[in-house]
file entry_3.pdb (PDB, C-alpha atoms)
ATOM      1  CA  MET A   1     224.556  74.433 102.403
ATOM      2  CA  PRO A   2     226.245  71.129 103.130
ATOM      3  CA  PHE A   3     229.948  70.739 102.499
ATOM      4  CA  VAL A   4     229.327  67.742 100.245
ATOM      5  CA  ASP A   5     225.934  67.432  98.568
ATOM      6  CA  LEU A   6     225.656  63.657  98.788
ATOM      7  CA  GLN A   7     221.890  63.584  98.189
ATOM      8  CA  GLY A   8     222.246  65.659  95.025
ATOM      9  CA  LYS A   9     225.083  63.550  93.665
ATOM     10  CA  LEU A  10     223.172  60.307  94.267
ATOM     11  CA  GLY A  11     219.926  61.758  92.937
ATOM     12  CA  ILE A  12     217.884  61.023  96.048
ATOM     13  CA  ASN A  13     215.840  63.259  98.336
ATOM     14  CA  LEU A  14     215.574  62.088 101.935
ATOM     15  CA  ASP A  15     213.739  65.238 103.023
ATOM     16  CA  LYS A  16     210.684  64.902 100.781
ATOM     17  CA  TRP A  17     208.716  63.000 103.442
ATOM     18  CA  LEU A  18     208.654  66.179 105.550
ATOM     19  CA  LEU A  19     206.911  68.375 102.993
ATOM     20  CA  ILE A  20     204.336  66.115 101.407
ATOM     21  CA  GLN A  21     202.301  68.827  99.686
ATOM     22  CA  SER A  22     205.273  70.839  98.451
ATOM     23  CA  GLY A  23     206.688  68.035  96.348
ATOM     24  CA  GLU A  24     206.227  67.802  92.628
ATOM     25  CA  GLN A  25     202.641  66.962  91.776
ATOM     26  CA  PRO A  26     201.109  65.381  88.663
ATOM     27  CA  ASN A  27     200.233  67.838  85.893
ATOM     28  CA  LYS A  28     202.141  70.576  87.782
ATOM     29  CA  ARG A  29     199.050  71.470  89.845
ATOM     30  CA  ALA A  30     199.293  72.441  93.509
ATOM     31  CA  ALA A  31     198.202  69.812  96.001
ATOM     32  CA  ARG A  32     194.963  70.132  97.965
ATOM     33  CA  CYS A  33     196.551  71.372 101.190
ATOM     34  CA  HIS A  34     199.583  73.130  99.728
ATOM     35  CA  ALA A  35     198.409  76.616 100.762
ATOM     36  CA  PHE A  36     197.852  75.554 104.387
ATOM     37  CA  GLU A  37     201.221  73.830 104.549
ATOM     38  CA  LYS A  38     202.915  76.884 103.078
ATOM     39  CA  GLU A  39     201.312  79.191 105.680
ATOM     40  CA  TRP A  40     202.396  76.876 108.486
ATOM     41  CA  ILE A  41     205.974  76.658 107.215
ATOM     42  CA  GLU A  42     206.215  80.427 106.684
ATOM     43  CA  CYS A  43     204.947  81.023 110.221
ATOM     44  CA  SER A  44     207.257  78.521 111.910
ATOM     45  CA  HIS A  45     210.366  79.169 109.816
ATOM     46  CA  GLY A  46     213.266  80.444 111.856
ATOM     47  CA  ILE A  47     211.568  80.762 115.266
ATOM     48  CA  GLY A  48     212.318  77.311 116.653
ATOM     49  CA  GLN A  49     210.146  74.351 117.512
ATOM     50  CA  THR A  50     209.082  75.509 120.987
ATOM     51  CA  ARG A  51     207.892  78.938 119.879
ATOM     52  CA  ALA A  52     206.379  77.552 116.672
ATOM     53  CA  LYS A  53     204.147  75.160 118.619
ATOM     54  CA  LYS A  54     202.629  78.119 120.474
ATOM     55  CA  GLU A  55     202.665  80.876 117.868
ATOM     56  CA  CYS A  56     201.720  78.825 114.794
ATOM     57  CA  LYS A  57     199.047  76.643 116.392
ATOM     58  CA  LEU A  58     196.205  78.001 114.213
ATOM     59  CA  GLU A  59     198.148  77.465 110.982
ATOM     60  CA  PHE A  60     199.045  73.917 112.011
ATOM     61  CA  GLU A  61     195.420  73.118 112.971
ATOM     62  CA  ASP A  62     194.220  74.351 109.566
ATOM     63  CA  PHE A  63     196.845  72.233 107.804
ATOM     64  CA  TYR A  64     196.029  69.176 109.930
ATOM     65  CA  GLU A  65     192.285  69.524 109.282
ATOM     66  CA  CYS A  66     192.903  69.856 105.550
ATOM     67  CA  MET A  67     194.992  66.680 105.547
ATOM     68  CA  HIS A  68     192.832  64.479 107.785
ATOM     69  CA  ARG A  69     189.340  66.062 107.629
ATOM     70  CA  GLN A  70     188.461  64.922 111.159
ATOM     71  CA  LYS A  71     186.126  67.822 111.951
ATOM     72  CA  THR A  72     184.370  67.405 108.603
ATOM     73  CA  HIS A  73     183.821  63.678 109.158
ATOM     74  CA  LYS A  74     182.546  64.283 112.701
ATOM     75  CA  ARG A  75     180.083  66.898 111.438
ATOM     76  CA  LEU A  76     178.803  64.561 108.691
ATOM     77  CA  TYR A  77     178.428  61.765 111.235
ATOM     78  CA  ASP A  78     176.385  64.045 113.516
ATOM     79  CA  ILE A  79     174.171  65.134 110.599
ATOM     80  CA  ARG A  80     173.500  61.508 109.595
ATOM     81  CA  LYS A  81     172.782  60.567 113.196
ATOM     82  CA  GLN A  82     170.254  63.408 113.491
ATOM     83  CA  ARG A  83     168.643  62.417 110.173
ATOM     84  CA  ASP A  84     168.300  58.795 111.299
ATOM     85  CA  LYS A  85     166.763  59.961 114.565
ATOM     86  CA  LEU A  86     164.183  62.085 112.705
ATOM     87  CA  VAL A  87     163.379  59.207 110.328
ATOM     88  CA  LYS A  88     162.865  56.869 113.282
ATOM     89  CA  GLU A  89     160.502  59.389 114.932
ATOM     90  CA  GLY A  90     158.633  59.843 111.651
ATOM     91  CA  ALA A  91     159.383  63.568 111.434
ATOM     92  CA  TYR A  92     161.422  63.211 108.240
ATOM     93  CA  LYS A  93     160.983  61.042 105.171
ATOM     94  CA  ILE A  94     164.001  60.222 103.017
ATOM     95  CA  PRO A  95     163.432  61.379  99.409
ATOM     96  CA  ALA A  96     163.034  58.585  96.853
ATOM     97  CA  HIS A  97     166.193  59.527  94.961
ATOM     98  CA  GLN A  98     168.240  59.104  98.187
ATOM     99  CA  SER A  99     166.652  55.887  99.430
ATOM    100  CA  GLY A 100     168.732  53.579  97.241
ATOM    101  CA  GLN A 101     165.718  52.149  95.450
ATOM    102  CA  THR A 102     165.528  52.181  91.667
ATOM    103  CA  GLU A 103     162.963  54.407  90.026
ATOM    104  CA  THR A 104     160.090  52.670  88.220
ATOM    105  CA  THR A 105     159.214  55.613  85.966
ATOM    106  CA  PRO A 106     161.612  57.336  83.594
TER     107      PRO A 106
END

call {"tool": "encode", "arguments": {"input": "entry_3.pdb", "output": "structure tokens"}}
result
Amino acid sequence: MPFVDLQGKLGINLDKWLLIQSGEQPNKRAARCHAFEKEWIECSHGIGQTRAKKECKLEFEDFYECMHRQKTHKRLYDIRKQRDKLVKEGAYKIPAHQSGQTETTP
């Protein structure tokens, strides 16, 4: 505990940028990646940065994926690329409701 709680007296919180998901959320609901962030923080708490990078790598990767969705976007890109390849070869026909054309019959 700090000797003088300057942040509390001024009503500001300079540390909230560190824990994005743990901050107060609208309607008091937990944020999307709150559980992953909590696991990562619980794992790395008290063991130091060097050990935490090695020992908590899986928790951090889960949290990072939840925040940025890079693996998900790459997988969707690969699926679309494969679909376009099959359409070009004529092995797959895009359904009418996914083609972007309006339906003529109700």

call {"tool": "atom_distance", "arguments": {"input": "entry_3.pdb", "atom1": "atom CA of Leu58 of chain A", "atom2": "atom CA of Lys28 of chain A"}}
result
28.1 Å

call {"tool": "atom_distance", "arguments": {"input": "entry_3.pdb", "atom1": "atom CA of Gly100 of chain A", "atom2": "atom CA of Arg80 of chain A"}}
result
15.4 Å

call {"tool": "closest_residue", "arguments": {"input": "entry_3.pdb", "among": "A:Ile47, A:Met67, A:Leu76, A:Ala96", "to": "Ala35 of chain A", "atoms": "all atoms listed in the file"}}
result
A:Met67

call {"tool": "residues_near_point", "arguments": {"input": "entry_3.pdb", "point": "(194.9, 83.8, 105.5)", "cutoff": "12 Å", "atoms": "all atoms listed in the file", "output": "PDB file with C-alpha atoms, in the coordinates of the input"}}
result
ATOM      1  CA  ALA A  35     198.409  76.616 100.762  1.00  0.00           C
ATOM      2  CA  PHE A  36     197.852  75.554 104.387  1.00  0.00           C
ATOM      3  CA  GLU A  37     201.221  73.830 104.549  1.00  0.00           C
ATOM      4  CA  LYS A  38     202.915  76.884 103.078  1.00  0.00           C
ATOM      5  CA  GLU A  39     201.312  79.191 105.680  1.00  0.00           C
ATOM      6  CA  TRP A  40     202.396  76.876 108.486  1.00  0.00           C
ATOM      7  CA  GLU A  42     206.215  80.427 106.684  1.00  0.00           C
ATOM      8  CA  CYS A  43     204.947  81.023 110.221  1.00  0.00           C
ATOM      9  CA  LEU A  58     196.205  78.001 114.213  1.00  0.00           C
ATOM     10  CA  GLU A  59     198.148  77.465 110.982  1.00  0.00           C
ATOM     11  CA  ASP A  62     194.220  74.351 109.566  1.00  0.00           C
ATOM     12  CA  PHE A  63     196.845  72.233 107.804  1.00  0.00           C
TER      13      PHE A  63
END

call {"tool": "atom_distance", "arguments": {"input": "entry_3.pdb", "atom1": "atom CA of Lys93 of chain A", "atom2": "atom CA of Gln70 of chain A"}}
result
28.4 Å

call {"tool": "axis_aligned_box", "arguments": {"input": "entry_3.pdb", "around": "segment 30-44 of chain A", "padding_each_side": "6 Å", "output": "AutoDock Vina command-line options"}}
result
--center_x 201.1 --center_y 75.4 --center_z 102.7 --size_x 24.3 --size_y 23.2 --size_z 30.4

call {"tool": "residues_around", "arguments": {"input": "entry_3.pdb", "residues": "Arg83 of chain A", "least_positions_apart": "4", "cutoff": "9 Å", "atoms": "only C-alpha atoms", "output": "ChimeraX atom specification"}}
result
/A:78-79,87-88,92,94
